[in-house]
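A.B. asks: I am attaching a structure below and will ask some questions about it afterwards.
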Amino acid sequence: MKKIKKIFVVMFVCLGMGGVFMASGFADTGCESETNDRIVPELALCSTHVYNIGGTKNPSGADKQLMKDVVALKTTVMTQQMNKQYEYLEAMIRRFKVQLEKAVLTTGLEAKGAASSNSSSGTTFKSNDRNIFMAGVKNCNNELLPMDVMTCLNNNMNTISNMSGNADNISLELRKQLENDFNLLNNTTVNSIKCTVTSKTNNVDCLDYKKITKKKDFQECFDNMRICLRDKSYALSQAARQQKKE
């Protein structure tokens with residue numbers, strides 16, 4: 001029991017330094033040799049199971065059970081480490097995808113004449129329109145019909161969502177645009193439908209960009225606006241259908 005605990009401890013110590021590896025069970029790998037300083041028995045999972053406990057012939061009795069336990073422990077630890085590496089790689093790919101989509105969108109907007117919003121270059125987005133705070137959006141207050149306002153706001157929301165990278169980047173420009181558009185939506189009367197203008201987590205006012213400083217609040221305010229936009233758009237659509245029937 002002491003020997004198996006020692007092997008288990010050594011495995012975890014070495015995992016933090018570089019992980020475990022698998023080795024074949026053939027004699028020419030040196031997996032069975034105690035003098036081999038290339039393959040450490042405590043770390044290697046040899047296909048010839050007896051090599052995993054430093055032996056060279058099939059064990060019996062207590063040593064046979066020890067061999068089974070060591071192989072099981074090594075397999076478990078290796079599987080856990082492989083899963084952690086997979087999760088890390090998956091998260092890295094997701095972040096890369098978001099950054100790539102953001103870069104593509106930003107490049108496309110800049111190609112159409114929008115100013116750069118890259119803070120690292122020392123420049124920020126500037127607009128003479130008091131209802132536009134970021135590149136790629138429109139002043140929906142210029143629309144005359146309520147349904148056109150809804151369509152415009154929906155397009156702006158898609159741009160905000162893409163530029164924020166699922167709220168991983170809630171810049172000042174994005175928060176100001178969200179506040180501006182949410183105010184317009186909230187003030188556009190459609191069948192007395194009321195928007196939820198506070199985040200449920202911290203009860204933050206979604207109509208004040210200075211309060212929307214946390215990722216969770218930004219996401220919840222964005223979701224509140226999306227729900228209200230959907231409700232008002234549906235009500236306008238139903239009213240238009242009813243008017244056609246009449």
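Chain identifiers are assigned as A, B, and so on, following the order in which chains appear in the structure tokens; residues are numbered from 1 within each chain, and ligands are numbered from 1 in order of appearance.
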Mind checking which residues fall within 10 Å of Leu172 (chain A), counting only C-alpha atoms, ignoring those fewer than 5 positions away in the same chain, and posting them as number ranges by chain?

C.D. replies: A: 133-134, 177-178, 209-210, 212-213

A.B. asks: Please save C-alpha atoms of the selected residues as a PDB file, in the first residue's frame.

C.D. replies:
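To be explicit, this is the file written out as again-v2.pdb:
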```pdb
ATOM      1  CA  PHE A 133     -21.126  55.689 -30.662  1.00  0.00           C
ATOM      2  CA  MET A 134     -19.490  52.851 -32.599  1.00  0.00           C
ATOM      3  CA  GLN A 177     -24.598  52.326 -27.957  1.00  0.00           C
ATOM      4  CA  LEU A 178     -26.504  49.757 -25.925  1.00  0.00           C
ATOM      5  CA  TYR A 209     -24.019  53.019 -19.580  1.00  0.00           C
ATOM      6  CA  LYS A 210     -21.998  54.164 -16.557  1.00  0.00           C
ATOM      7  CA  ILE A 212     -23.110  48.615 -17.026  1.00  0.00           C
ATOM      8  CA  THR A 213     -19.513  47.805 -16.132  1.00  0.00           C
TER       9      THR A 213
END
```

A.B. asks: Please return as a short mmCIF file (atom, residue, chain, number, x, y, z; two decimals) with N, CA and C atoms, in the first residue's frame: the residues of region 38-200 of chain A that backbone DSSP assigns to helix (DSSP H, G or I).

C.D. replies:
```
data_model
loop_
_atom_site.label_atom_id
_atom_site.label_comp_id
_atom_site.auth_asym_id
_atom_site.auth_seq_id
_atom_site.Cartn_x
_atom_site.Cartn_y
_atom_site.Cartn_z
N HIS A 49 2.32 -4.80 -18.60
CA HIS A 49 1.90 -4.23 -17.33
C HIS A 49 2.90 -4.40 -16.19
N VAL A 50 3.65 -5.47 -16.20
CA VAL A 50 4.56 -5.70 -15.08
C VAL A 50 5.65 -4.62 -15.03
N TYR A 51 5.98 -4.04 -16.19
CA TYR A 51 7.00 -2.99 -16.21
C TYR A 51 6.55 -1.76 -15.42
N ASN A 52 5.24 -1.60 -15.25
CA ASN A 52 4.72 -0.43 -14.55
C ASN A 52 5.06 -0.41 -13.06
N ILE A 53 5.44 -1.55 -12.53
CA ILE A 53 5.84 -1.59 -11.11
C ILE A 53 7.32 -1.94 -11.00
N ALA A 62 0.13 -10.56 -3.88
CA ALA A 62 -0.05 -9.14 -3.59
C ALA A 62 0.55 -8.27 -4.69
N ASP A 63 1.67 -8.69 -5.28
CA ASP A 63 2.29 -7.90 -6.34
C ASP A 63 1.41 -7.84 -7.58
N LYS A 64 0.66 -8.90 -7.83
CA LYS A 64 -0.24 -8.90 -8.98
C LYS A 64 -1.35 -7.88 -8.80
N GLN A 65 -1.89 -7.79 -7.57
CA GLN A 65 -2.92 -6.80 -7.28
C GLN A 65 -2.34 -5.39 -7.35
N LEU A 66 -1.07 -5.28 -6.85
CA LEU A 66 -0.40 -3.99 -6.91
C LEU A 66 -0.27 -3.53 -8.35
N MET A 67 0.13 -4.45 -9.23
CA MET A 67 0.27 -4.12 -10.64
C MET A 67 -1.05 -3.62 -11.22
N LYS A 68 -2.16 -4.29 -10.91
CA LYS A 68 -3.47 -3.89 -11.40
C LYS A 68 -3.84 -2.49 -10.91
N ASP A 69 -3.56 -2.25 -9.61
CA ASP A 69 -3.90 -0.95 -9.04
C ASP A 69 -3.08 0.18 -9.66
N VAL A 70 -1.80 -0.08 -9.88
CA VAL A 70 -0.93 0.94 -10.47
C VAL A 70 -1.36 1.26 -11.90
N VAL A 71 -1.65 0.23 -12.68
CA VAL A 71 -2.11 0.44 -14.05
C VAL A 71 -3.40 1.24 -14.07
N ALA A 72 -4.30 0.91 -13.15
CA ALA A 72 -5.58 1.62 -13.07
C ALA A 72 -5.38 3.09 -12.71
N LEU A 73 -4.47 3.33 -11.74
CA LEU A 73 -4.20 4.70 -11.32
C LEU A 73 -3.58 5.52 -12.45
N LYS A 74 -2.58 4.93 -13.11
CA LYS A 74 -1.93 5.64 -14.20
C LYS A 74 -2.91 5.94 -15.33
N THR A 75 -3.75 4.99 -15.65
CA THR A 75 -4.74 5.18 -16.71
C THR A 75 -5.71 6.30 -16.36
N THR A 76 -6.15 6.30 -15.10
CA THR A 76 -7.08 7.34 -14.64
C THR A 76 -6.46 8.72 -14.72
N VAL A 77 -5.24 8.84 -14.21
CA VAL A 77 -4.57 10.13 -14.20
C VAL A 77 -4.33 10.62 -15.63
N MET A 78 -3.88 9.72 -16.51
CA MET A 78 -3.63 10.10 -17.90
C MET A 78 -4.91 10.57 -18.58
N THR A 79 -6.00 9.86 -18.32
CA THR A 79 -7.28 10.24 -18.92
C THR A 79 -7.72 11.62 -18.43
N GLN A 80 -7.55 11.87 -17.13
CA GLN A 80 -7.92 13.17 -16.57
C GLN A 80 -7.09 14.29 -17.18
N GLN A 81 -5.79 14.05 -17.32
CA GLN A 81 -4.92 15.06 -17.88
C GLN A 81 -5.24 15.32 -19.36
N MET A 82 -5.52 14.26 -20.09
CA MET A 82 -5.88 14.42 -21.50
C MET A 82 -7.16 15.23 -21.64
N ASN A 83 -8.12 14.97 -20.73
CA ASN A 83 -9.39 15.70 -20.77
C ASN A 83 -9.17 17.17 -20.45
N LYS A 84 -8.28 17.47 -19.48
CA LYS A 84 -7.99 18.86 -19.14
C LYS A 84 -7.34 19.58 -20.31
N GLN A 85 -6.41 18.89 -20.98
CA GLN A 85 -5.76 19.50 -22.13
C GLN A 85 -6.76 19.75 -23.26
N TYR A 86 -7.70 18.83 -23.42
CA TYR A 86 -8.73 18.99 -24.45
C TYR A 86 -9.61 20.20 -24.13
N GLU A 87 -10.02 20.34 -22.87
CA GLU A 87 -10.86 21.45 -22.47
C GLU A 87 -10.13 22.78 -22.65
N TYR A 88 -8.83 22.79 -22.31
CA TYR A 88 -8.04 24.00 -22.48
C TYR A 88 -7.95 24.37 -23.95
N LEU A 89 -7.69 23.37 -24.80
CA LEU A 89 -7.58 23.61 -26.24
C LEU A 89 -8.90 24.11 -26.81
N GLU A 90 -10.00 23.52 -26.35
CA GLU A 90 -11.33 23.91 -26.83
C GLU A 90 -11.62 25.36 -26.46
N ALA A 91 -11.28 25.75 -25.21
CA ALA A 91 -11.50 27.12 -24.76
C ALA A 91 -10.64 28.10 -25.57
N MET A 92 -9.41 27.70 -25.85
CA MET A 92 -8.51 28.55 -26.62
C MET A 92 -9.04 28.75 -28.04
N ILE A 93 -9.58 27.68 -28.63
CA ILE A 93 -10.13 27.78 -29.99
C ILE A 93 -11.35 28.70 -30.00
N ARG A 94 -12.19 28.60 -28.94
CA ARG A 94 -13.37 29.48 -28.87
C ARG A 94 -12.94 30.95 -28.80
N ARG A 95 -11.93 31.23 -27.95
CA ARG A 95 -11.46 32.61 -27.83
C ARG A 95 -10.87 33.10 -29.15
N PHE A 96 -10.12 32.23 -29.80
CA PHE A 96 -9.53 32.59 -31.08
C PHE A 96 -10.61 32.88 -32.12
N LYS A 97 -11.67 32.06 -32.11
CA LYS A 97 -12.77 32.25 -33.06
C LYS A 97 -13.45 33.59 -32.85
N VAL A 98 -13.69 33.96 -31.57
CA VAL A 98 -14.34 35.23 -31.27
C VAL A 98 -13.46 36.39 -31.73
N GLN A 99 -12.16 36.31 -31.43
CA GLN A 99 -11.25 37.37 -31.81
C GLN A 99 -11.14 37.48 -33.34
N LEU A 100 -11.16 36.33 -34.01
CA LEU A 100 -11.08 36.33 -35.47
C LEU A 100 -12.32 36.97 -36.08
N GLU A 101 -13.50 36.59 -35.56
CA GLU A 101 -14.74 37.17 -36.07
C GLU A 101 -14.77 38.68 -35.84
N LYS A 102 -14.29 39.09 -34.68
CA LYS A 102 -14.25 40.52 -34.37
C LYS A 102 -13.30 41.25 -35.31
N ALA A 103 -12.14 40.64 -35.56
CA ALA A 103 -11.15 41.27 -36.44
C ALA A 103 -11.69 41.38 -37.86
N VAL A 104 -12.38 40.32 -38.32
CA VAL A 104 -12.95 40.34 -39.67
C VAL A 104 -14.02 41.42 -39.79
N LEU A 105 -14.88 41.52 -38.77
CA LEU A 105 -15.94 42.52 -38.79
C LEU A 105 -15.35 43.93 -38.76
N THR A 106 -14.37 44.15 -37.88
CA THR A 106 -13.76 45.46 -37.76
C THR A 106 -13.07 45.87 -39.06
N THR A 107 -12.35 44.92 -39.65
CA THR A 107 -11.66 45.20 -40.92
C THR A 107 -12.66 45.55 -42.01
N GLY A 108 -13.79 44.82 -42.04
CA GLY A 108 -14.82 45.09 -43.04
C GLY A 108 -15.42 46.47 -42.86
N LEU A 109 -15.65 46.86 -41.61
CA LEU A 109 -16.23 48.17 -41.33
C LEU A 109 -15.26 49.28 -41.69
N GLU A 110 -13.98 49.06 -41.35
CA GLU A 110 -12.98 50.07 -41.65
C GLU A 110 -12.80 50.21 -43.17
N ALA A 111 -12.95 49.09 -43.88
CA ALA A 111 -12.82 49.13 -45.34
C ALA A 111 -13.94 49.95 -45.97
N SER A 119 -8.00 50.84 -29.50
CA SER A 119 -7.49 51.73 -28.47
C SER A 119 -5.98 51.70 -28.39
N SER A 120 -5.37 50.58 -28.80
CA SER A 120 -3.92 50.47 -28.71
C SER A 120 -3.23 51.42 -29.68
N SER A 121 -3.92 51.84 -30.72
CA SER A 121 -3.33 52.76 -31.68
C SER A 121 -3.52 54.20 -31.26
N CYS A 140 -31.12 54.76 -35.50
CA CYS A 140 -32.47 54.22 -35.72
C CYS A 140 -33.55 55.26 -35.43
N ASN A 141 -33.17 56.36 -34.81
CA ASN A 141 -34.13 57.42 -34.52
C ASN A 141 -34.53 58.17 -35.79
N ASN A 142 -33.79 57.92 -36.86
CA ASN A 142 -34.12 58.56 -38.14
C ASN A 142 -35.26 57.84 -38.86
N PRO A 146 -42.57 52.58 -36.83
CA PRO A 146 -42.13 51.76 -35.70
C PRO A 146 -41.47 50.44 -36.13
N MET A 147 -42.01 49.78 -37.15
CA MET A 147 -41.43 48.51 -37.59
C MET A 147 -40.03 48.72 -38.18
N ASP A 148 -39.83 49.85 -38.85
CA ASP A 148 -38.50 50.17 -39.39
C ASP A 148 -37.52 50.43 -38.25
N VAL A 149 -38.03 51.04 -37.18
CA VAL A 149 -37.19 51.27 -36.00
C VAL A 149 -36.75 49.93 -35.40
N MET A 150 -37.69 48.99 -35.32
CA MET A 150 -37.39 47.67 -34.77
C MET A 150 -36.33 46.94 -35.61
N THR A 151 -36.49 47.02 -36.92
CA THR A 151 -35.53 46.37 -37.82
C THR A 151 -34.14 46.97 -37.67
N CYS A 152 -34.10 48.28 -37.60
CA CYS A 152 -32.83 48.99 -37.44
C CYS A 152 -32.16 48.62 -36.12
N LEU A 153 -32.94 48.59 -35.05
CA LEU A 153 -32.39 48.24 -33.73
C LEU A 153 -31.89 46.80 -33.70
N ASN A 154 -32.60 45.93 -34.39
CA ASN A 154 -32.17 44.53 -34.44
C ASN A 154 -30.82 44.40 -35.14
N ASN A 155 -30.63 45.15 -36.23
CA ASN A 155 -29.35 45.14 -36.94
C ASN A 155 -28.24 45.69 -36.06
N ASN A 156 -28.55 46.76 -35.33
CA ASN A 156 -27.56 47.34 -34.42
C ASN A 156 -27.18 46.35 -33.32
N MET A 157 -28.16 45.60 -32.82
CA MET A 157 -27.89 44.64 -31.75
C MET A 157 -26.96 43.53 -32.24
N ASN A 158 -27.15 43.11 -33.47
CA ASN A 158 -26.27 42.07 -34.02
C ASN A 158 -24.84 42.57 -34.11
N THR A 159 -24.68 43.84 -34.47
CA THR A 159 -23.34 44.43 -34.55
C THR A 159 -22.72 44.54 -33.16
N ILE A 160 -23.52 44.97 -32.19
CA ILE A 160 -23.03 45.08 -30.81
C ILE A 160 -22.60 43.73 -30.29
N SER A 161 -23.40 42.71 -30.58
CA SER A 161 -23.09 41.35 -30.12
C SER A 161 -21.77 40.86 -30.73
N ASN A 162 -21.60 41.07 -32.02
CA ASN A 162 -20.37 40.62 -32.68
C ASN A 162 -19.14 41.36 -32.17
N MET A 163 -19.27 42.66 -32.00
CA MET A 163 -18.13 43.47 -31.56
C MET A 163 -17.76 43.21 -30.11
N SER A 164 -18.73 42.81 -29.30
CA SER A 164 -18.45 42.57 -27.88
C SER A 164 -17.88 41.18 -27.65
N LEU A 172 -16.35 51.17 -23.85
CA LEU A 172 -17.19 52.33 -23.57
C LEU A 172 -18.15 52.59 -24.72
N GLU A 173 -17.64 52.45 -25.97
CA GLU A 173 -18.49 52.68 -27.14
C GLU A 173 -19.67 51.71 -27.19
N LEU A 174 -19.40 50.44 -26.87
CA LEU A 174 -20.47 49.43 -26.90
C LEU A 174 -21.51 49.72 -25.83
N ARG A 175 -21.07 50.10 -24.64
CA ARG A 175 -22.02 50.38 -23.56
C ARG A 175 -22.88 51.60 -23.87
N LYS A 176 -22.26 52.60 -24.46
CA LYS A 176 -23.02 53.80 -24.82
C LYS A 176 -24.05 53.50 -25.90
N GLN A 177 -23.66 52.66 -26.88
CA GLN A 177 -24.60 52.33 -27.96
C GLN A 177 -25.76 51.50 -27.43
N LEU A 178 -25.44 50.57 -26.52
CA LEU A 178 -26.50 49.76 -25.93
C LEU A 178 -27.48 50.63 -25.16
N GLU A 179 -26.96 51.56 -24.38
CA GLU A 179 -27.83 52.48 -23.63
C GLU A 179 -28.70 53.30 -24.58
N ASN A 180 -28.08 53.86 -25.62
CA ASN A 180 -28.80 54.71 -26.56
C ASN A 180 -29.93 53.95 -27.25
N ASP A 181 -29.62 52.76 -27.76
CA ASP A 181 -30.62 52.00 -28.50
C ASP A 181 -31.71 51.44 -27.59
N PHE A 182 -31.31 51.06 -26.37
CA PHE A 182 -32.31 50.55 -25.42
C PHE A 182 -33.28 51.66 -25.03
N ASN A 183 -32.77 52.87 -24.88
CA ASN A 183 -33.65 54.01 -24.58
C ASN A 183 -34.64 54.25 -25.71
N LEU A 184 -34.15 54.17 -26.94
CA LEU A 184 -35.04 54.37 -28.08
C LEU A 184 -36.12 53.29 -28.12
N LEU A 185 -35.72 52.05 -27.90
CA LEU A 185 -36.68 50.95 -27.90
C LEU A 185 -37.70 51.13 -26.78
N ASN A 186 -37.23 51.49 -25.62
CA ASN A 186 -38.10 51.65 -24.46
C ASN A 186 -39.11 52.78 -24.66
N ASN A 187 -38.69 53.80 -25.40
CA ASN A 187 -39.57 54.96 -25.61
C ASN A 187 -40.45 54.83 -26.86
#
```

A.B. asks: Any idea what the distance is between CA of Ala240 (chain A) and CA of Cys195 (chain A)?

C.D. replies: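 We find that CA of Ala240 (chain A) and CA of Cys195 (chain A) lie 21.3 Å from each other.
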
A.B. asks: Please measure the separation of CA of Thr196 (chain A) and CA of Ser237 (chain A), giving the value in Å to one decimal.

C.D. replies: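 It comes out at 21.0 Å.
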
A.B. asks: Which residues come within 9 Å of Glu220 (chain A), counting only C-alpha atoms, excluding same-chain residues fewer than 6 positions away, as a PyMOL selection string?

C.D. replies: chain A and resi 198-201+206

A.B. asks: Just to be explicit: take each residue in the selection above, keep C-alpha atoms, and write the result as a compact mmCIF listing (two decimals), in the first residue's frame.

C.D. replies:
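What landed in result_23.txt:
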```txt
# COMPACT_ATOMS: atom_id res chain seq x y z
CA THR A 198 -32.68 46.49 -15.06
CA SER A 199 -30.36 43.51 -14.83
CA LYS A 200 -31.64 40.78 -12.55
CA THR A 201 -28.24 39.94 -11.03
CA CYS A 206 -29.65 49.27 -18.35
```

A.B. asks: CA of Lys214 (chain A) and CA of Gly136 (chain A), how far apart in Å?

C.D. replies: 23.3 Å
